[in-house]
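What follows is a single structure, written as structure tokens, with notes after it.
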Amino acid sequence: MKRIFHRPAWVAGMTLALAPTLPVTAADDYVSPPEPVMAFLDRHCLECHDDSVAKADLNLLDLPFHPEDPANFKLWERALDRVRAGEMPPKDEPRPEDKAREKFLADLTQPLFDVDRADIEKNGRVLSRRLTRVEYEYSVHDLLGIDIPLAELLPEDRESHGFETVADGQQLSHHQLARYLDVADLALDEAFSRAIDGDHSYDVTIAPEELIKNRGGNYRGPDLRDGKSISWPIGLQFFGRMRPTKVPESGWYRVTLKQVEAINPGSDGAVWGTLRSGECESNAPLLFLLGLVEATKEPRDLVYEAWIQGGHQLELRPNDGELKKAPTGAKGGNVSFKDRDLASQGFSGIANRGIRIERIYPNANRAAVKRNLFGDDELETWKDKPAAGLDKMVARFARRAFRRPVTPEQLAPYREIGHAELKAGASLVDALRSSYRAVLCSPRFLTFVEKPGQLDDYAIASRLSYALWISLPDWKLTKAAAEGKLHEPKVLSEQIDRLLADPKSARFIDSFTDQWLKMKEIDFTGPDPRQFKTFDSVLQESLLRETRAYVTEMVKKDLSVASLVDSDFSFLNGRLARHYQLDELPLKPGAGLQKVSFAPDEKKIRGGLVTQGAVLKVTADGTHTSPVIRGKFINERILGVEIPPPPPGVPAIEPDIRGATSIRDQLEKHRNNETCASCHQTIDPPGFALENFDPIGGWRTKYGIGNKGAAVNPSGLTPDGAEFAGLRQWKAIYRDRKPQLAEGFASQFLTYATGAAPRFSDAAALEAIVKETEGTKYGVKSLIRAAITSPIFLTK
């Protein structure tokens, strides 16, 4: 079974479309494999893989040995992996003796290793990598001190090996450069406006009586009772909108809901809702979540900070899919509360005693923005010598933006732009702005400056900071680089711990889980409302928060990598506990996500990352589950086993929408195909083990609407023959395979953090990372530290 070294794969399955990738080689250029390798192939492989049979479209007889060609390298590595995994020759064929097999592996490994290592030494492991749009946004925010959204204005990043950070999937076209110029203009407009003109202020408090204003036609606002504004679970679109909360301009706002309390709370002691912003009109239906509202019997202020677009208003509503819906009390899409008492009728609601809305600047105040643009000197200092002032400020700005010292020759183009503006009569501010614009669109800012071989200390600082903070290095990291000490193991380890302990590391958790665990796809599909009538936006956001809190805990507490598949805890709130049918957990109403311990029976089902609702949702389509999709995800993201794409012409398996036929029954026919069987013996087992979970992570024993279809069969056989009756046994098997889980996690992290997947010749370095963390039971934080201090991270 192969560890995830991405160029080919240590995978099961000769079901790879090998023939189409064969390099075209002239007969005179044919180079035969090393003689011992060819002798082994002749004895054990050519009967099925020569020019006349070529099973799985693989003709080893005529396959030249040109490992310098990447496509040819992959083919030979695949052959090596298949023999190493014991999958070839097939089990029903005569098997080579262990000594002969080991000799073949050594004879083929060495030339492949030599070629791969020579390529790394010449070109580096990582191609030229640019900032992702999220990295660009955080970098500009930290560089300037601004906080306006920028990422969504840039083209989406493509994934390679599951990550946006991987260089071979990135592009930098003229179109993208044009977008970078546009975004740089917006960022600089904001920064210079704040520095020169000052910050805007806005602070209003809206009483409950004012929140119900504009009760004309199409009223969908709150109820007013006993001096409280109350929102009820009414199903009309935009119910709960409050027109008086419309903000005058786009910006960050702090919204305080005053004295929030629950009306008729549920079994968990709360009424759950959402606070969102939007135009709240049918011609502009998009709403943006500010946060979840957990109202309890005890009144309390709830505070939210979020970006709100100019002209948008707030919508506050109970949004728990399990709540009984209240009637509108009117016709024609209107709502009326006249002569009605919804509380006494048993409906749940969320009450408040007013809303305060304040304009804020969360990233930096005006003074910090001025320092970022102009340094410690006032602009008046340079009134009589603007050129000198421009040179000093551009040099300072470029050093920070480029994340390393800048030579006069490198600075010259940016200075010249500003000098040309000054000569044309522009002010110092306008000239600086032009120079800074060029800096923000420079390859030295947009890309990582790395040379083949050992990274210098400044490159290490950048790689480390973008791995753990998704932004440029701070002054402490830059200072360590300037002193030439950052590459020292003790200093580097101290910096890793410092960065992980900083609040900015929350960016890493979000970015890494968005890509590694596909959390950014949490709302990619909507669950079928016929099957999952109680699914709601509160639950979806709670699922996401659970997984991120769990990964944060794994890193913070250096928990064993075995926690990926099994544990005795998670982070739940009342809404999640109900969804997971764990109503008896001692959760405190109003406390949000809380760390909870599972009883032994609960641990069998819910312990571990792989059984969390967010992971289960992103590996389903909203209507059905597939052991193939979930199995591929678990193999690649958790177990460290890369799965190749299916051969051309193999149709996808369409689930029985009635649930009358199980997906396992359909897969059995698929697995009977010799072309498909070898891969599916690796792909399917984790998927089978998770089949008791529906598309939103709920527990089931049968398929179909109402749990009335075919029975779920979660049993299976791991690729190496370990039998499991269901999830509990599957967890037990892999809980004890910590080195495999550790290597898989380290590979995923290094792919994300370096911009390239580990390569063939990195195997020993990966094994060393795993060995180094054995004493911590392969703790996740220890794995991150060992990965960052490894040669894989510290070389291009």
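As shown in the structure tokens, the chain order sets the letters A, B, ...; within each chain, residues go from 1, and ligands are also counted from 1 in the order they appear.
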So which bits of segment 382-627 of chain A end up strand (DSSP E or B) when you DSSP the backbone, as a ChimeraX atom specification? /A:447,454,560,569-572,594-597
Restricting it to N, CA and C atoms, dump the selection as a PDB file, in the first residue's frame.
```
ATOM      1  N   THR A 447       5.041  36.276  -5.861  1.00  0.00           N
ATOM      2  CA  THR A 447       5.588  34.923  -5.887  1.00  0.00           C
ATOM      3  C   THR A 447       6.609  34.743  -4.771  1.00  0.00           C
ATOM      4  N   GLN A 454      19.243  24.485  -0.655  1.00  0.00           N
ATOM      5  CA  GLN A 454      18.848  24.911   0.682  1.00  0.00           C
ATOM      6  C   GLN A 454      18.271  26.319   0.647  1.00  0.00           C
ATOM      7  N   SER A 560      -2.496  12.807  19.465  1.00  0.00           N
ATOM      8  CA  SER A 560      -2.035  11.776  18.539  1.00  0.00           C
ATOM      9  C   SER A 560      -2.795  11.835  17.221  1.00  0.00           C
ATOM     10  N   PHE A 569     -13.758  12.471  22.338  1.00  0.00           N
ATOM     11  CA  PHE A 569     -14.261  13.821  22.550  1.00  0.00           C
ATOM     12  C   PHE A 569     -14.585  14.488  21.220  1.00  0.00           C
ATOM     13  N   SER A 570     -15.307  15.591  21.317  1.00  0.00           N
ATOM     14  CA  SER A 570     -15.475  16.506  20.189  1.00  0.00           C
ATOM     15  C   SER A 570     -15.951  17.846  20.756  1.00  0.00           C
ATOM     16  N   PHE A 571     -16.368  18.744  19.866  1.00  0.00           N
ATOM     17  CA  PHE A 571     -16.868  20.058  20.262  1.00  0.00           C
ATOM     18  C   PHE A 571     -18.276  20.220  19.705  1.00  0.00           C
ATOM     19  N   LEU A 572     -19.251  20.282  20.609  1.00  0.00           N
ATOM     20  CA  LEU A 572     -20.647  20.322  20.189  1.00  0.00           C
ATOM     21  C   LEU A 572     -21.376  21.483  20.846  1.00  0.00           C
ATOM     22  N   GLN A 594     -18.821  23.479  22.899  1.00  0.00           N
ATOM     23  CA  GLN A 594     -18.214  23.056  24.160  1.00  0.00           C
ATOM     24  C   GLN A 594     -17.546  21.703  23.949  1.00  0.00           C
ATOM     25  N   LYS A 595     -16.378  21.556  24.561  1.00  0.00           N
ATOM     26  CA  LYS A 595     -15.693  20.265  24.478  1.00  0.00           C
ATOM     27  C   LYS A 595     -16.464  19.250  25.311  1.00  0.00           C
ATOM     28  N   VAL A 596     -16.797  18.133  24.700  1.00  0.00           N
ATOM     29  CA  VAL A 596     -17.571  17.102  25.382  1.00  0.00           C
ATOM     30  C   VAL A 596     -16.839  15.773  25.289  1.00  0.00           C
ATOM     31  N   SER A 597     -17.024  14.952  26.289  1.00  0.00           N
ATOM     32  CA  SER A 597     -16.466  13.604  26.296  1.00  0.00           C
ATOM     33  C   SER A 597     -17.566  12.612  25.952  1.00  0.00           C
TER      34      SER A 597
END
```
Which of segment 213-458 of chain A counts as helix (DSSP H, G or I) under DSSP, as a compact mmCIF listing (two decimals) with C-alpha atoms, in the first residue's frame please?
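Dumped to part-v9.txt:
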```txt
# COMPACT_ATOMS: atom_id res chain seq x y z
CA ARG A 243 -35.08 48.00 7.52
CA PRO A 244 -33.89 50.54 10.12
CA THR A 245 -30.63 48.56 10.43
CA ARG A 366 -5.47 54.98 11.51
CA ALA A 367 -2.11 55.59 13.18
CA ALA A 368 -0.93 52.08 12.23
CA VAL A 369 -2.06 52.56 8.63
CA LYS A 370 -0.07 55.82 8.44
CA ARG A 371 3.00 54.05 9.84
CA ASN A 372 2.65 51.27 7.28
CA LEU A 373 2.54 53.79 4.43
CA PHE A 374 4.91 56.52 5.58
CA LEU A 379 4.78 63.72 5.42
CA GLU A 380 5.56 67.34 6.24
CA THR A 381 9.13 66.22 6.97
CA TRP A 382 9.64 65.70 3.23
CA PRO A 386 10.01 64.82 -1.77
CA ALA A 387 12.37 62.71 -3.87
CA ALA A 388 14.44 61.76 -0.84
CA GLY A 389 11.30 60.99 1.12
CA LEU A 390 9.99 58.83 -1.69
CA ASP A 391 13.24 56.87 -1.89
CA LYS A 392 13.22 56.16 1.84
CA MET A 393 9.57 55.17 2.03
CA VAL A 394 9.61 53.02 -1.12
CA ALA A 395 12.68 51.16 0.14
CA ARG A 396 11.01 50.48 3.47
CA PHE A 397 7.74 49.40 1.88
CA ALA A 398 9.45 47.13 -0.66
CA ARG A 399 11.53 45.39 2.02
CA ARG A 400 8.37 44.46 3.87
CA ALA A 401 6.42 43.51 0.76
CA PHE A 402 9.24 41.46 -0.79
CA PRO A 408 19.40 49.42 -5.03
CA GLU A 409 19.17 47.82 -8.47
CA GLN A 410 16.01 45.95 -7.49
CA LEU A 411 14.49 49.10 -6.01
CA ALA A 412 15.30 51.30 -9.00
CA PRO A 413 12.18 50.56 -11.14
CA TYR A 414 9.80 51.34 -8.27
CA ARG A 415 11.62 54.54 -7.35
CA GLU A 416 11.70 55.63 -10.97
CA ILE A 417 7.93 55.33 -11.23
CA GLY A 418 7.52 57.67 -8.27
CA HIS A 419 10.20 60.08 -9.50
CA ALA A 420 8.47 60.32 -12.88
CA GLU A 421 5.24 61.24 -11.10
CA LEU A 422 7.00 63.93 -9.07
CA LYS A 423 8.57 65.40 -12.20
CA LEU A 428 4.43 63.03 -2.85
CA VAL A 429 1.36 61.06 -1.80
CA ASP A 430 0.34 60.38 -5.41
CA ALA A 431 3.90 59.47 -6.37
CA LEU A 432 4.15 57.05 -3.45
CA ARG A 433 0.85 55.50 -4.42
CA SER A 434 2.12 54.82 -7.95
CA SER A 435 5.32 53.22 -6.64
CA TYR A 436 3.42 51.12 -4.10
CA ARG A 437 1.02 49.96 -6.81
CA ALA A 438 3.96 48.62 -8.81
CA VAL A 439 5.32 46.89 -5.70
CA LEU A 440 1.99 45.12 -5.06
CA PRO A 443 6.63 39.15 -9.04
CA ARG A 444 8.75 39.69 -5.93
CA PHE A 445 5.53 40.26 -3.99
CA LEU A 446 3.22 37.89 -5.85
CA ASP A 457 16.77 32.29 6.04
CA TYR A 458 14.48 34.85 4.41
```
Extract, using only C-alpha atoms, all DNA, RNA and protein residues at most 10 Å from segment 292-306 of chain A, discarding same-chain residues fewer than 5 positions from it, and format them as a ChimeraX atom specification. /A:251-266,268-277,316-319,349-360,362,537-539,541-542,573-575,589-592
The residue from A:Phe238, A:Phe512, A:Trp76, A:Tyr550 with the smallest atom-to-atom distance to Leu58 of chain A, counting only C-alpha atoms, is A:Trp76
